[in-house]
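*Asks:* Below is the structure I would like to discuss, written out as structure tokens.
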Amino acid sequence: LNLHFIHHKDLPNVLESIISSTNVSFNADSTSLPLVELVSRLLIQQHINFLPRTNHPTVDDSIIGVLSISSFFAATTNKKTTFSLFELLPIPFPYEGIRVRLADMPYIVGFDSNNRNLIRWTKSESTSCDFRTMSVCRETPPIITDWNDTCIFQILADSTLSLCRTEQYREPIFIHPIGKQWAISTNSSTQCHSTFLSPTEQSYAFHNNLRTLPAVALITIPPDTVLICDRFSI
């Protein structure tokens, strides 16, 4: 699925027409990809048909027919519904003597706070999505209107997670960036040294602060700082 068949002189007008017709907005500043590549990601189907030459006398005898290419794009409806998107990260935590994390969790969820509707993507379903650069996803699962009896609802309602499943997490260390912070999970508390450099007139001075991280922590590491722990460093 692509738009390579369009002549480069016609491409700007074609892209403008597609964007206007699909009512999709793009944030080109968040990517180095050309606009034609972003628009091509909205393609969901293409048909190529050969139309034989007619016997009309005005038709050039050297033309045997024409190729007709029909392209179908994902588009938004005139009645827009805004969904707030969240990427879920199950972090391991201690539970009844072992480390577990939530299982069967969606990779991304979209929440419509006005109508209380939900959309959920698995990691494989989200491969066609790039929400940082475009306002829609080519492949969108059905909107869920009744999801009160789900694990996601209990998480958002800050209630007992009786509907959630867990799986054992066997790796000793879990580290993952979340924006400008770091999620860290280990099987016990960890001794760390927060080390940073400060410039002096002729050299740099090292500053070392001891800190103890709990088994599950969300921390911010200042610029020019290294967190050195017993089994890992950031």
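Every chain in the structure tokens has a letter given in the order shown (A, B, ...), and although residue numbers restart at 1 in each chain, ligands are simply numbered from 1 in the order shown.
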Give me the residues within 7 Å of segment 105-121 of chain A as a ChimeraX atom specification, counting only C-alpha atoms and dropping any in the same chain fewer than 4 places off.

*Replies:* /A:82-88,125-126,141-145

*Asks:* Go ahead and save the picked residues with N, CA and C atoms, as a PDB file, in the first residue's frame.

*Replies:*
```pdb
ATOM      1  N   THR A  82     -13.153  12.731  21.333  1.00  0.00           N
ATOM      2  CA  THR A  82     -11.765  12.811  21.768  1.00  0.00           C
ATOM      3  C   THR A  82     -11.489  11.761  22.834  1.00  0.00           C
ATOM      4  N   PHE A  83     -10.466  10.967  22.593  1.00  0.00           N
ATOM      5  CA  PHE A  83     -10.035   9.951  23.548  1.00  0.00           C
ATOM      6  C   PHE A  83      -8.670  10.339  24.103  1.00  0.00           C
ATOM      7  N   SER A  84      -8.543  10.275  25.412  1.00  0.00           N
ATOM      8  CA  SER A  84      -7.235  10.458  26.046  1.00  0.00           C
ATOM      9  C   SER A  84      -6.512   9.118  26.021  1.00  0.00           C
ATOM     10  N   LEU A  85      -5.272   9.119  25.527  1.00  0.00           N
ATOM     11  CA  LEU A  85      -4.534   7.874  25.331  1.00  0.00           C
ATOM     12  C   LEU A  85      -3.528   7.646  26.443  1.00  0.00           C
ATOM     13  N   PHE A  86      -3.405   6.393  26.866  1.00  0.00           N
ATOM     14  CA  PHE A  86      -2.461   6.021  27.917  1.00  0.00           C
ATOM     15  C   PHE A  86      -1.738   4.744  27.497  1.00  0.00           C
ATOM     16  N   GLU A  87      -0.416   4.759  27.619  1.00  0.00           N
ATOM     17  CA  GLU A  87       0.370   3.545  27.410  1.00  0.00           C
ATOM     18  C   GLU A  87       0.573   2.883  28.768  1.00  0.00           C
ATOM     19  N   LEU A  88       0.140   1.654  28.891  1.00  0.00           N
ATOM     20  CA  LEU A  88       0.170   0.958  30.175  1.00  0.00           C
ATOM     21  C   LEU A  88       1.489   0.213  30.354  1.00  0.00           C
ATOM     22  N   GLU A 125      -1.718  -4.887  17.785  1.00  0.00           N
ATOM     23  CA  GLU A 125      -2.729  -4.045  17.146  1.00  0.00           C
ATOM     24  C   GLU A 125      -2.261  -2.607  17.002  1.00  0.00           C
ATOM     25  N   SER A 126      -1.364  -2.174  17.876  1.00  0.00           N
ATOM     26  CA  SER A 126      -0.937  -0.771  17.869  1.00  0.00           C
ATOM     27  C   SER A 126       0.212  -0.497  16.909  1.00  0.00           C
ATOM     28  N   PRO A 141      -9.716  -0.815  17.210  1.00  0.00           N
ATOM     29  CA  PRO A 141     -10.661  -1.815  17.721  1.00  0.00           C
ATOM     30  C   PRO A 141     -12.010  -1.171  18.042  1.00  0.00           C
ATOM     31  N   PRO A 142     -13.043  -1.988  18.219  1.00  0.00           N
ATOM     32  CA  PRO A 142     -14.366  -1.443  18.547  1.00  0.00           C
ATOM     33  C   PRO A 142     -14.353  -0.674  19.866  1.00  0.00           C
ATOM     34  N   ILE A 143     -15.195   0.336  19.935  1.00  0.00           N
ATOM     35  CA  ILE A 143     -15.352   1.112  21.166  1.00  0.00           C
ATOM     36  C   ILE A 143     -16.125   0.278  22.187  1.00  0.00           C
ATOM     37  N   ILE A 144     -15.612   0.224  23.401  1.00  0.00           N
ATOM     38  CA  ILE A 144     -16.251  -0.537  24.480  1.00  0.00           C
ATOM     39  C   ILE A 144     -17.080   0.426  25.326  1.00  0.00           C
ATOM     40  N   THR A 145     -18.375   0.179  25.403  1.00  0.00           N
ATOM     41  CA  THR A 145     -19.266   1.063  26.158  1.00  0.00           C
ATOM     42  C   THR A 145     -19.566   0.539  27.561  1.00  0.00           C
TER      43      THR A 145
END
```

*Asks:* Per DSSP on the backbone, what are the strand (DSSP E or B) residues of segment 119-228 of chain A, as a ChimeraX atom specification?

*Replies:* /A:119-121,134,144,166-168,173-178,181-186,190-199,204-213,216-220,225-228

*Asks:* Do a neighbour search on Thr127 of chain A at 10 Å with only C-alpha atoms, toss out local chain neighbours closer than 4 positions, and write the hits as a PyMOL selection string.

*Replies:* chain A and resi 121-123+137-139

*Asks:* Which residues are near Ser194 of chain A? Cut-off 8 Å, only C-alpha atoms, ignore same chain within fewer than 3 positions. Put them as number ranges by chain.

*Replies:* A: 207-211, 225-228

*Asks:* Just the number, please: distance in Å from atom CA of Leu15 of chain A to atom CA of Ser30 of chain A, one decimal.

*Replies:* 18.7 Å

*Asks:* With distances taken over only C-alpha atoms, which residue among A:Ser128, A:Thr133, A:Thr160, A:Ser70 lies nearest Asn27 of chain A?

*Replies:*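 For Asn27 of chain A, the nearest of the candidates is A:Thr133.
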
*Asks:* Need the shell around Ser20 of chain A: protein/DNA/RNA residues with any atom at most 12 Å away, counting only C-alpha atoms. Skip same-chain ones fewer than 3 positions apart. Format as a VMD selection string?

*Replies:* chain A and resid 13 to 17 23 to 26 39 73 75 to 76 78

*Asks:* Env of Leu102 of chain A: 12 Å cut, atoms = only C-alpha atoms, seq-sep filter 2 positions within chain, self excluded. Answer as JSON, numbers by chain.

*Replies:* {"A": [88, 89, 90, 91, 92, 93, 94, 95, 99, 100, 104, 105, 106, 107, 151, 152, 155, 161, 162, 163, 164, 165, 166, 167, 168, 169]}

*Asks:* Quick one, how far is atom CA of Met134 of chain A from atom CA of Ser71 of chain A?

*Replies:*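 A separation of 19.0 Å between them.
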